[in-house]
>>> print(open('data_35.cif').read())   # mmCIF, C-alpha atoms
data_target
loop_
_atom_site.label_atom_id
_atom_site.label_comp_id
_atom_site.auth_asym_id
_atom_site.auth_seq_id
_atom_site.Cartn_x
_atom_site.Cartn_y
_atom_site.Cartn_z
CA MET A 1 120.57 244.12 180.63
CA SER A 2 119.98 240.42 181.49
CA ILE A 3 117.54 240.16 178.64
CA ARG A 4 120.09 241.49 176.20
CA ILE A 5 122.69 238.97 177.42
CA ALA A 6 120.25 236.01 177.54
CA ALA A 7 119.05 236.47 173.98
CA PRO A 8 122.48 236.10 172.36
CA MET A 9 123.24 233.18 174.67
CA SER A 10 119.99 231.45 173.70
CA ALA A 11 120.69 232.02 170.06
CA GLY A 12 124.18 230.61 170.44
CA PHE A 13 122.89 227.57 172.30
CA MET A 14 120.36 226.92 169.56
CA MET A 15 123.07 227.20 166.89
CA VAL A 16 125.31 224.74 168.78
CA SER A 17 122.39 222.32 169.23
CA ALA A 18 121.52 222.49 165.56
CA ALA A 19 125.10 221.87 164.59
CA SER A 20 125.32 218.91 166.94
CA ALA A 21 122.10 217.47 165.54
CA ALA A 22 123.40 217.86 162.01
CA MET A 23 126.65 216.14 162.94
CA ALA A 24 124.73 213.31 164.65
CA SER A 25 122.52 212.86 161.60
CA ALA A 26 125.58 212.75 159.38
CA ASP A 27 127.13 210.10 161.63
CA VAL A 28 123.97 208.00 161.48
CA ASN A 29 123.83 208.27 157.71
CA THR A 30 127.48 207.27 157.50
CA VAL A 31 126.91 204.26 159.73
CA VAL A 32 123.87 203.21 157.70
CA ALA A 33 125.79 203.57 154.45
CA ASP A 34 128.67 201.53 155.84
CA VAL A 35 126.33 198.77 157.01
CA MET A 36 124.55 198.66 153.66
CA ALA A 37 127.85 198.54 151.80
CA ASP A 38 129.10 195.75 154.04
CA ALA A 39 125.90 193.77 153.56
CA SER A 40 126.12 194.23 149.82
CA THR A 41 129.73 193.09 149.84
CA ARG A 42 128.90 190.02 151.93
CA SER A 43 125.99 189.16 149.67
CA SER A 44 128.16 189.59 146.60
CA LEU A 45 130.87 187.41 148.12
CA SER A 46 128.28 184.79 149.05
CA LEU A 47 126.91 184.66 145.53
CA GLN A 48 130.40 184.47 144.08
CA SER A 49 131.48 181.66 146.39
CA ALA A 50 128.53 179.35 145.67
CA ALA A 51 126.34 178.44 142.72
CA SER A 52 123.06 176.64 142.33
CA GLY A 53 121.00 175.42 139.44
CA TYR A 54 119.65 172.32 137.72
CA ASP A 55 121.78 169.56 136.24
CA ASP A 56 120.02 166.16 136.39
CA GLY A 57 118.71 167.38 139.75
CA PHE A 58 118.81 170.56 141.84
CA VAL A 59 122.49 171.27 142.44
CA ILE A 60 124.40 173.40 144.94
CA ARG A 61 128.16 173.74 144.51
CA ASP A 62 130.92 176.03 145.66
CA GLN A 63 132.76 178.29 143.22
CA SER A 64 135.75 175.98 142.94
CA ASP A 65 133.54 172.89 142.37
CA ASP A 66 135.29 171.15 145.25
CA PHE A 67 131.97 170.40 146.95
CA GLU A 68 128.66 169.56 145.33
CA LEU A 69 125.23 168.47 146.54
CA SER A 70 122.43 167.30 144.26
CA ILE A 71 118.81 166.53 145.17
CA SER A 72 116.65 164.75 142.61
CA GLY A 73 113.65 162.49 142.35
CA TRP A 74 111.29 160.80 139.97
CA THR A 75 108.00 158.98 139.81
CA GLN A 76 106.26 156.62 137.42
CA ILE A 77 102.46 156.51 137.44
CA ARG A 78 101.17 153.42 135.66
CA TYR A 79 97.87 151.99 134.51
CA THR A 80 97.82 148.22 133.85
CA PHE A 81 95.23 145.99 132.26
CA ALA A 82 96.12 142.30 132.62
CA HIS A 83 94.24 139.44 130.98
CA ALA A 84 94.87 135.89 132.17
CA ARG A 85 93.56 133.13 129.92
CA ASN A 86 92.11 130.11 131.76
CA ALA A 87 93.38 131.50 135.05
CA THR A 88 90.83 130.03 137.47
CA GLY A 89 88.81 126.92 136.75
CA GLY A 90 89.11 127.41 133.02
CA ASP A 91 87.71 130.95 133.20
CA ASP A 92 89.50 134.04 131.95
CA ALA A 93 90.46 136.69 134.50
CA ASN A 94 90.98 140.43 134.12
CA GLU A 95 92.66 142.84 136.50
CA SER A 96 93.14 146.56 135.98
CA GLY A 97 94.06 149.68 137.89
CA PHE A 98 96.67 152.27 138.74
CA SER A 99 99.94 151.98 140.63
CA LEU A 100 102.94 154.12 141.51
CA ARG A 101 105.48 151.78 139.95
CA ARG A 102 108.48 153.74 141.23
CA THR A 103 108.77 156.85 143.40
CA ARG A 104 112.27 157.77 144.53
CA LEU A 105 114.23 160.59 146.13
CA THR A 106 118.01 160.82 145.82
CA VAL A 107 120.65 162.88 147.59
CA GLN A 108 124.13 162.62 146.11
CA GLY A 109 127.26 164.67 145.84
CA SER A 110 131.04 164.90 145.87
CA LEU A 111 133.60 166.17 148.36
CA TYR A 112 137.14 167.52 148.16
CA ASP A 113 137.33 168.01 144.40
CA GLY A 114 135.74 164.64 143.69
CA ALA A 115 138.05 162.62 145.93
CA PHE A 116 134.95 161.21 147.63
CA GLY A 117 131.37 160.83 146.53
CA PHE A 118 128.12 159.53 147.96
CA LYS A 119 124.60 158.54 146.94
CA LEU A 120 121.51 157.87 149.05
CA THR A 121 118.22 156.85 147.40
CA ASN A 122 114.95 156.17 149.16
CA SER A 123 112.26 154.24 147.30
CA PHE A 124 108.61 154.25 148.32
CA SER A 125 106.66 151.00 148.18
CA ARG A 126 103.91 150.92 145.55
CA THR A 127 101.74 148.77 147.85
CA SER A 128 102.20 150.43 151.26
CA GLY A 129 103.98 153.72 150.60
CA ALA A 130 106.65 152.78 153.13
CA GLY A 131 110.20 153.95 152.48
CA ARG A 132 112.89 151.47 151.54
CA LEU A 133 116.60 152.09 151.05
CA SER A 134 117.79 151.48 147.49
CA ASP A 135 121.25 152.94 146.88
CA ALA A 136 123.49 153.83 149.81
CA TYR A 137 127.18 153.97 148.98
CA VAL A 138 130.39 155.98 149.15
CA THR A 139 132.99 156.24 146.40
CA ALA A 140 136.69 157.00 146.80
CA ARG A 141 138.77 158.04 143.79
CA LEU A 142 142.03 156.13 143.52
CA SER A 143 143.22 157.83 140.34
CA GLU A 144 141.83 159.62 137.31
CA ARG A 145 140.69 156.25 135.92
CA ALA A 146 139.93 154.14 139.00
CA GLU A 147 137.64 154.34 142.01
CA VAL A 148 136.37 152.07 144.75
CA ARG A 149 132.75 151.95 145.87
CA PHE A 150 131.39 150.41 149.06
CA GLY A 151 127.90 150.19 150.49
CA GLN A 152 124.67 149.10 148.77
CA PHE A 153 124.50 149.27 144.97
CA LYS A 154 123.87 147.27 141.80
CA LEU A 155 126.54 144.69 141.08
CA PRO A 156 128.41 144.93 137.73
CA PHE A 157 126.50 142.24 135.86
CA ALA A 158 123.51 142.58 133.48
CA ARG A 159 123.47 145.82 131.53
CA GLU A 160 119.67 145.95 131.50
CA GLU A 161 119.67 145.98 135.30
CA LEU A 162 122.49 148.54 135.42
CA THR A 163 120.48 150.92 133.22
CA SER A 164 118.30 153.18 135.36
CA ALA A 165 114.59 152.33 135.30
CA LYS A 166 113.87 155.90 134.19
CA ARG A 167 115.91 155.31 131.01
CA LEU A 168 114.38 152.01 129.84
CA ILE A 169 112.80 151.52 126.46
CA ALA A 170 109.61 149.86 127.77
CA THR A 171 107.65 150.56 130.95
CA ASP A 172 109.71 147.90 132.72
CA ARG A 173 112.71 145.63 132.31
CA SER A 174 112.31 142.29 130.58
CA ILE A 175 111.19 139.05 132.24
CA VAL A 176 114.65 137.66 131.44
CA ASN A 177 116.13 140.36 133.66
CA ASP A 178 113.63 139.53 136.41
CA VAL A 179 114.93 135.95 136.42
CA PHE A 180 118.67 136.47 135.84
CA GLY A 181 119.29 140.09 136.90
CA GLN A 182 121.47 140.96 139.87
CA GLY A 183 119.39 143.51 141.76
CA ARG A 184 121.17 145.39 144.55
CA SER A 185 123.73 144.05 146.96
CA GLN A 186 125.98 145.15 149.81
CA GLY A 187 129.70 144.98 149.24
CA VAL A 188 132.71 146.68 147.68
CA GLU A 189 133.51 147.27 144.01
CA LEU A 190 136.61 148.38 142.12
CA SER A 191 135.96 150.22 138.85
CA ILE A 192 138.58 150.99 136.20
CA GLU A 193 137.87 152.93 133.01
CA HIS A 194 140.12 153.61 130.05
CA ASP A 195 139.32 155.24 126.74
CA ASN A 196 137.44 152.23 125.34
CA VAL A 197 137.52 149.61 128.13
CA ARG A 198 135.64 149.60 131.43
CA ILE A 199 136.05 146.97 134.16
CA GLY A 200 134.08 146.38 137.38
CA LEU A 201 135.02 143.80 140.03
CA ALA A 202 132.94 143.35 143.21
CA TYR A 203 132.92 141.24 146.37
CA SER A 204 129.49 141.16 148.00
CA ASP A 205 126.66 139.32 149.75
CA GLY A 206 125.31 138.05 146.41
CA PHE A 207 122.46 138.86 144.05
CA ASP A 208 119.38 140.59 145.51
CA SER A 209 120.83 141.01 149.01
CA ALA A 210 119.78 144.64 149.58
CA ASN A 211 118.83 145.66 153.12
CA THR A 212 120.05 142.47 154.81
CA ASP A 213 122.38 141.99 157.74
CA PHE A 214 125.59 140.00 157.33
CA ASP A 215 124.17 136.87 159.00
CA THR A 216 120.97 136.80 156.90
CA ALA A 217 122.36 137.69 153.47
CA PRO A 218 121.31 135.37 150.62
CA ALA A 219 124.92 134.35 149.99
CA GLU A 220 127.88 133.62 152.20
CA TRP A 221 130.10 135.29 149.60
CA ALA A 222 129.93 136.39 145.98
CA VAL A 223 132.40 137.62 143.36
CA THR A 224 131.10 139.54 140.34
CA GLY A 225 132.98 140.97 137.37
CA ARG A 226 132.04 142.82 134.20
CA ILE A 227 134.14 144.06 131.29
CA GLU A 228 132.88 146.37 128.54
CA TRP A 229 134.48 147.29 125.23
CA LEU A 230 133.46 150.52 123.54
CA ALA A 231 134.11 149.63 119.90
CA MET A 232 133.15 153.11 118.70
CA GLY A 233 131.36 156.24 119.83
CA ALA A 234 130.92 157.57 123.38
CA TRP A 235 130.18 155.96 126.75
CA ARG A 236 127.36 158.41 127.44
CA ALA A 237 125.36 156.94 124.55
CA PHE A 238 124.73 153.82 126.64
CA ARG A 239 123.24 155.49 129.69
CA GLU A 240 119.83 154.70 128.17
CA PHE A 241 118.14 152.33 125.71
CA SER A 242 117.34 155.08 123.24
CA SER A 243 119.20 157.13 120.65
CA PRO A 244 117.67 160.39 119.36
CA ARG A 245 117.97 161.68 115.83
CA GLY A 246 121.33 163.26 115.14
CA ALA A 247 123.21 161.02 117.58
CA GLU A 248 126.54 159.55 116.53
CA TYR A 249 127.11 155.84 116.00
CA SER A 250 128.22 154.00 119.13
CA VAL A 251 128.85 150.28 119.66
CA LEU A 252 129.31 148.53 123.00
CA PHE A 253 129.95 144.90 123.95
CA GLY A 254 129.80 143.51 127.49
CA LEU A 255 130.68 140.28 129.27
CA ALA A 256 130.00 139.52 132.95
CA GLY A 257 130.11 136.66 135.41
CA ASN A 258 129.14 135.96 139.02
CA ILE A 259 129.81 133.12 141.42
CA GLU A 260 128.28 132.85 144.88
CA GLU A 261 127.71 130.31 147.60
CA THR A 262 124.29 130.10 149.24
CA PRO A 263 122.76 130.02 151.73
CA SER A 264 124.62 131.60 154.61
CA THR A 265 122.56 129.77 157.25
CA LEU A 266 124.85 127.82 159.55
CA GLY A 267 124.47 124.04 159.19
CA SER A 268 122.43 124.17 155.96
CA PRO A 269 123.64 122.47 152.77
CA THR A 270 125.34 124.96 150.47
CA THR A 271 124.51 125.72 146.86
CA LEU A 272 127.07 127.02 144.42
CA GLN A 273 125.56 129.28 141.79
CA THR A 274 127.41 130.53 138.73
CA SER A 275 125.89 133.14 136.39
CA TRP A 276 127.06 134.73 133.15
CA THR A 277 125.76 137.22 130.63
CA VAL A 278 126.93 138.61 127.32
CA ASP A 279 125.41 141.61 125.55
CA GLY A 280 125.89 144.02 122.68
CA GLY A 281 124.33 147.29 121.68
CA VAL A 282 124.33 149.74 118.78
CA GLU A 283 123.19 153.35 119.16
CA GLY A 284 122.72 155.26 115.92
CA PRO A 285 121.07 158.43 114.60
CA GLY A 286 117.48 157.82 115.63
CA PHE A 287 117.61 154.10 116.41
CA HIS A 288 119.04 151.51 118.80
CA VAL A 289 119.46 147.73 118.91
CA PHE A 290 120.30 145.69 122.00
CA ALA A 291 120.66 141.93 122.51
CA SER A 292 121.78 139.77 125.41
CA ALA A 293 122.03 136.15 126.52
CA SER A 294 122.21 134.97 130.13
CA GLY A 295 122.80 131.68 131.88
CA ARG A 296 122.90 130.30 135.39
CA PHE A 297 124.31 127.02 136.66
CA THR A 298 123.07 125.85 140.06
CA ASP A 299 124.87 123.05 141.89
CA GLY A 300 122.92 122.17 145.03
CA SER A 301 121.39 119.43 147.12
CA SER A 302 118.20 119.43 145.04
CA GLY A 303 120.08 118.84 141.80
CA ASP A 304 122.11 120.54 139.11
CA PHE A 305 120.35 122.96 136.77
CA PHE A 306 121.50 125.05 133.84
CA ASP A 307 118.93 127.74 132.96
CA MET A 308 119.16 130.25 130.14
CA GLY A 309 117.51 133.38 128.82
CA ALA A 310 117.84 135.72 125.85
CA LEU A 311 116.36 138.94 124.55
CA ILE A 312 116.55 141.31 121.62
CA GLN A 313 115.02 144.77 121.39
CA SER A 314 115.07 147.73 119.03
CA SER A 315 113.53 151.17 118.62
CA VAL A 316 113.43 153.89 115.98
CA PHE A 317 112.30 157.53 116.09
CA VAL A 318 109.56 158.23 113.54
CA THR A 319 109.52 161.90 114.64
CA ASN A 320 111.82 163.84 116.95
CA ASP A 321 109.67 162.82 119.93
CA ILE A 322 107.86 159.56 119.04
CA GLU A 323 109.76 156.28 119.32
CA PRO A 324 108.08 152.90 118.59
CA PHE A 325 109.91 149.84 119.93
CA ALA A 326 109.78 146.05 119.98
CA ARG A 327 111.27 143.45 122.33
CA PHE A 328 111.27 139.65 122.37
CA ASP A 329 112.62 137.61 125.27
CA VAL A 330 112.62 133.97 126.30
CA VAL A 331 113.37 132.12 129.55
CA ILE A 332 114.51 128.50 129.07
CA PRO A 333 114.66 126.27 132.19
CA ASP A 334 116.92 123.26 132.45
CA SER A 335 115.34 120.17 130.87
CA SER A 336 115.59 118.30 134.17
CA ARG A 337 113.23 120.72 135.89
CA PRO A 338 109.56 119.62 136.24
CA GLY A 339 108.48 122.84 134.55
CA ASP A 340 110.94 123.02 131.68
CA ASP A 341 108.81 124.73 129.02
CA PRO A 342 110.21 127.98 127.57
CA PHE A 343 108.39 131.19 128.44
CA ARG A 344 108.32 133.65 125.56
CA THR A 345 107.18 137.28 125.65
CA LEU A 346 106.67 139.81 122.88
CA THR A 347 106.53 143.48 123.89
CA LEU A 348 105.38 146.22 121.48
CA GLY A 349 104.95 149.88 122.31
CA ALA A 350 106.01 153.48 121.84
CA ASN A 351 107.47 156.38 123.82
CA TRP A 352 106.50 160.01 123.56
CA TYR A 353 109.31 162.20 124.88
CA VAL A 354 107.53 165.37 125.94
CA HIS A 355 110.74 166.73 127.50
CA GLY A 356 113.28 163.99 126.92
CA GLN A 357 113.47 161.40 129.70
CA ALA A 358 112.31 164.02 132.22
CA VAL A 359 108.70 163.96 131.00
CA LYS A 360 107.84 160.80 129.10
CA LEU A 361 104.72 158.83 128.20
CA THR A 362 105.03 155.12 127.44
CA LEU A 363 102.40 152.73 126.13
CA ASP A 364 103.19 149.06 125.62
CA GLY A 365 101.57 145.64 125.41
CA GLN A 366 103.01 142.26 126.36
CA TRP A 367 101.87 138.98 124.81
CA PHE A 368 102.73 135.78 126.68
CA PHE A 369 103.05 132.82 124.32
CA ASP A 370 103.29 130.14 127.03
CA ASP A 371 101.70 128.90 130.27
CA VAL A 372 103.04 130.28 133.55
CA ALA A 373 102.67 126.86 135.20
CA GLY A 374 104.87 125.23 132.57
CA ASN A 375 108.01 127.14 133.59
CA ASP A 376 109.55 126.73 137.06
CA LEU A 377 111.32 130.10 136.84
CA ILE A 378 108.26 132.27 136.13
CA ARG A 379 106.06 133.63 138.90
CA PRO A 380 102.99 135.91 138.94
CA ASN A 381 104.32 139.43 138.57
CA THR A 382 102.24 142.62 138.78
CA ALA A 383 105.01 144.72 137.22
CA GLN A 384 104.85 142.53 134.11
CA GLY A 385 101.09 141.99 134.25
CA ILE A 386 101.44 138.22 134.74
CA LEU A 387 98.49 136.87 136.73
CA ALA A 388 98.47 133.59 138.66
CA GLY A 389 97.61 130.55 136.57
CA ALA A 390 97.76 132.41 133.26
CA ASP A 391 97.87 130.18 130.19
CA ALA A 392 99.34 130.81 126.78
CA GLY A 393 97.66 133.73 125.07
CA SER A 394 97.48 135.94 128.16
CA PHE A 395 98.50 139.57 127.76
CA ALA A 396 98.99 142.87 129.56
CA ILE A 397 98.66 146.49 128.45
CA ARG A 398 100.56 149.19 130.36
CA ALA A 399 100.44 152.99 130.12
CA GLN A 400 102.93 155.01 132.13
CA PHE A 401 103.67 158.67 132.80
CA GLN A 402 107.18 159.49 134.03
CA LEU A 403 108.36 162.70 135.67
CA VAL A 404 112.00 163.26 136.64
CA PHE A 405 112.95 166.31 138.68
#
>>> encode(input="data_35.cif", output="structure tokens")
Amino acid sequence: MSIRIAAPMSAGFMMVSAASAAMASADVNTVVADVMADASTRSSLSLQSAASGYDDGFVIRDQSDDFELSISGWTQIRYTFAHARNATGGDDANESGFSLRRTRLTVQGSLYDGAFGFKLTNSFSRTSGAGRLSDAYVTARLSERAEVRFGQFKLPFAREELTSAKRLIATDRSIVNDVFGQGRSQGVELSIEHDNVRIGLAYSDGFDSANTDFDTAPAEWAVTGRIEWLAMGAWRAFREFSSPRGAEYSVLFGLAGNIEETPSTLGSPTTLQTSWTVDGGVEGPGFHVFASASGRFTDGSSGDFFDMGALIQSSVFVTNDIEPFARFDVVIPDSSRPGDDPFRTLTLGANWYVHGQAVKLTLDGQWFFDDVAGNDLIRPNTAQGILAGADAGSFAIRAQFQLVF
């Protein structure tokens, strides 16, 4: 009797247990499906709310483009052979070898739909590898056509200096720019741009005052201004000293001035220095021409000097990727200087654009027509291949590989 009752009860218990297990399994499957669906939704939302890619650097931005962060860098690996005629005791001297001319990393971006922007660039020394701050500034948009920038940046003066070193025509800027260029400074700048006119006005610590404190800056104060007139074409054509085949005609003229009082050392006699530059450029289908003239008047305790410099350069594409170029520049010291001889340089070379400016090979040679010792403004310069004591007839050959990422 008990056996007959126990058997049905056992069978019933087993059926209930099986049903419960099935229900539990179904619940687990439902939970798993819900979790997977939620994860998929979150992933989809995440991908929709942000975007990344490459646009002159690796870029991350939100879907509305209100916030953007870009990380980029570049390096220039150079080989230089420099020949100095009668450099030491009447003997010729040769120097050759490799250098990392420029290696830089940049973080930049914009915030709140472009209302604010920033740029931080670290440069690594080619002699020690140590890091050095180059650009470090913040921009604030005042209107659709005006913005203010403050921090460390290049002053609005010489166009050759304002053009990025990764977009030059030769392996380096001209010797005229080395003498008269503005370098980087710390200060504030107002920029205004209309359809064909662009104006920059800055108050700063003076030319070449990067990475200095306020009490050790080269100048007590400096005011710099530049105005550009786009006679025809597009502004973007003048981001570089090169114009590929198929490009439209563009013409740009620029005029700039700077006045600063140096030094800032308390109790020292002051020197008032006034600089000016004028330039013009034409970008056409497969060619470019650029010319500039610069001057600097120095009024100080050691005397008054008016120094000048000028350059002209041009390039033309012989194929879609090969671009020969030529440049001539001259530095003319004031006649009252002990070393008042002009210093003239002819640069000839060619670029091979493997992948535009991102991957580029440059080969050029510089011929120095005059003695280094005869010009008070010229110094030995490894970037230019000018060795100490070099006489007229010295030269340098430079080969450079550039990678921008």
>>> resolve_selection(input="data_35.cif", expression="the PyMOL selection byres ((chain A and resi 269-273) around 12)", output="MDAnalysis selection string")
chainID A and resid 180 206:207 218:224 257:268 274:276 295:307
>>> residues_around(input="data_35.cif", residues="Ala165 in chain A", least_positions_apart="5", cutoff="12 Å", atoms="all atoms listed in the file", output="list in words")
Trp74, Thr75, Gln76, Arg101, Arg102, Thr103, Arg104, Arg159, Glu160, Ala170, Thr171, Asp172, Arg173, Ser174, Gly183, Arg239, Glu240, Phe241, Gln357, Gln402 and Val404 of chain A
>>> write_last_selection(input="data_35.cif", atoms="C-alpha atoms", output="PDB file, in the coordinates of the input")
ATOM      1  CA  TRP A  74     111.290 160.800 139.970  1.00  0.00           C
ATOM      2  CA  THR A  75     108.000 158.980 139.810  1.00  0.00           C
ATOM      3  CA  GLN A  76     106.260 156.620 137.420  1.00  0.00           C
ATOM      4  CA  ARG A 101     105.480 151.780 139.950  1.00  0.00           C
ATOM      5  CA  ARG A 102     108.480 153.740 141.230  1.00  0.00           C
ATOM      6  CA  THR A 103     108.770 156.850 143.400  1.00  0.00           C
ATOM      7  CA  ARG A 104     112.270 157.770 144.530  1.00  0.00           C
ATOM      8  CA  ARG A 159     123.470 145.820 131.530  1.00  0.00           C
ATOM      9  CA  GLU A 160     119.670 145.950 131.500  1.00  0.00           C
ATOM     10  CA  ALA A 170     109.610 149.860 127.770  1.00  0.00           C
ATOM     11  CA  THR A 171     107.650 150.560 130.950  1.00  0.00           C
ATOM     12  CA  ASP A 172     109.710 147.900 132.720  1.00  0.00           C
ATOM     13  CA  ARG A 173     112.710 145.630 132.310  1.00  0.00           C
ATOM     14  CA  SER A 174     112.310 142.290 130.580  1.00  0.00           C
ATOM     15  CA  GLY A 183     119.390 143.510 141.760  1.00  0.00           C
ATOM     16  CA  ARG A 239     123.240 155.490 129.690  1.00  0.00           C
ATOM     17  CA  GLU A 240     119.830 154.700 128.170  1.00  0.00           C
ATOM     18  CA  PHE A 241     118.140 152.330 125.710  1.00  0.00           C
ATOM     19  CA  GLN A 357     113.470 161.400 129.700  1.00  0.00           C
ATOM     20  CA  GLN A 402     107.180 159.490 134.030  1.00  0.00           C
ATOM     21  CA  VAL A 404     112.000 163.260 136.640  1.00  0.00           C
TER      22      VAL A 404
END
>>> atom_distance(input="data_35.cif", atom1="CA of Ala390 in chain A", atom2="CA of Ala158 in chain A")
27.7 Å
>>> closest_residue(input="data_35.cif", among="A:Phe238, A:Asp92, A:Ile77, A:Ala82", to="Pro380 in chain A", atoms="only C-alpha atoms")
A:Ala82
>>> axis_aligned_box(input="data_35.cif", around="range 61-77 of chain A", padding_each_side="8 Å", output="AutoDock Vina command-line options")
--center_x 119.1 --center_y 167.4 --center_z 142.2 --size_x 49.3 --size_y 37.8 --size_z 25.5
>>> residues_around(input="data_35.cif", residues="range 363-373 of chain A", least_positions_apart="2", cutoff="6 Å", atoms="all atoms listed in the file", output="JSON, numbers by chain")
{"A": [343, 344, 345, 346, 347, 348, 349, 350, 375, 390, 391, 392, 393, 394, 395, 396, 397, 398, 399]}
>>> write_last_selection(input="data_35.cif", atoms="C-alpha atoms", output="mmCIF file, in the coordinates of the input")
data_model
loop_
_atom_site.group_PDB
_atom_site.id
_atom_site.type_symbol
_atom_site.label_atom_id
_atom_site.label_comp_id
_atom_site.auth_asym_id
_atom_site.auth_seq_id
_atom_site.Cartn_x
_atom_site.Cartn_y
_atom_site.Cartn_z
ATOM 1 C CA PHE A 343 108.390 131.190 128.440
ATOM 2 C CA ARG A 344 108.320 133.650 125.560
ATOM 3 C CA THR A 345 107.180 137.280 125.650
ATOM 4 C CA LEU A 346 106.670 139.810 122.880
ATOM 5 C CA THR A 347 106.530 143.480 123.890
ATOM 6 C CA LEU A 348 105.380 146.220 121.480
ATOM 7 C CA GLY A 349 104.950 149.880 122.310
ATOM 8 C CA ALA A 350 106.010 153.480 121.840
ATOM 9 C CA ASN A 375 108.010 127.140 133.590
ATOM 10 C CA ALA A 390 97.760 132.410 133.260
ATOM 11 C CA ASP A 391 97.870 130.180 130.190
ATOM 12 C CA ALA A 392 99.340 130.810 126.780
ATOM 13 C CA GLY A 393 97.660 133.730 125.070
ATOM 14 C CA SER A 394 97.480 135.940 128.160
ATOM 15 C CA PHE A 395 98.500 139.570 127.760
ATOM 16 C CA ALA A 396 98.990 142.870 129.560
ATOM 17 C CA ILE A 397 98.660 146.490 128.450
ATOM 18 C CA ARG A 398 100.560 149.190 130.360
ATOM 19 C CA ALA A 399 100.440 152.990 130.120
#
>>> resolve_selection(input="data_35.cif", expression="the PyMOL selection byres ((chain A and resi 245-255) around 7)", output="list in words")
Arg226, Ile227, Glu228, Trp229, Leu230, Ala231, Met232, Gly233, Ala234, Ala237, Ser243, Pro244, Ala256, Thr277, Val278, Asp279, Gly280, Gly281, Val282, Glu283, Gly284, Pro285, Gly286 and Asn320 of chain A
>>> resolve_selection(input="data_35.cif", expression="the PyMOL selection byres ((chain A and resi 71) around 7)", output="list in words")
Gly57, Phe58, Val59, Leu69, Ser70, Ser72, Thr106, Val107 and Gln108 of chain A
>>> atom_distance(input="data_35.cif", atom1="CA of Ala326 in chain A", atom2="CA of Phe153 in chain A")
29.2 Å
>>> atom_distance(input="data_35.cif", atom1="CA of Thr121 in chain A", atom2="CA of Val138 in chain A")
12.3 Å
>>> residues_near_point(input="data_35.cif", point="(114.1, 153.4, 147.0)", cutoff="6 Å", atoms="all atoms listed in the file", output="list in words")
Arg104, Thr121, Asn122, Ser123, Phe124, Arg132, Leu133 and Ser134 of chain A
>>> closest_residue(input="data_35.cif", among="A:Val148, A:Val179, A:Leu168, A:Ile378", to="Tyr203 in chain A", atoms="only C-alpha atoms")
A:Val148
>>> closest_residue(input="data_35.cif", among="A:Leu155, A:Ile175, A:Leu100, A:Ala146", to="Ser209 in chain A", atoms="all atoms listed in the file")
A:Leu155
>>> residues_near_point(input="data_35.cif", point="(94.9, 154.5, 136.4)", cutoff="6 Å", atoms="only C-alpha atoms", output="list in words")
Tyr79, Gly97 and Phe98 of chain A
>>> closest_residue(input="data_35.cif", among="A:Ser242, A:Ser335, A:Asn196, A:Gln152", to="Asp213 in chain A", atoms="only C-alpha atoms")
A:Gln152
>>> closest_residue(input="data_35.cif", among="A:Asp208, A:Ile169, A:Asn94, A:Thr319", to="Gln400 in chain A", atoms="only C-alpha atoms")
A:Ile169
>>> closest_residue(input="data_35.cif", among="A:Gly181, A:Gly356, A:Ala291, A:Ala202", to="Ile322 in chain A", atoms="all atoms listed in the file")
A:Gly356
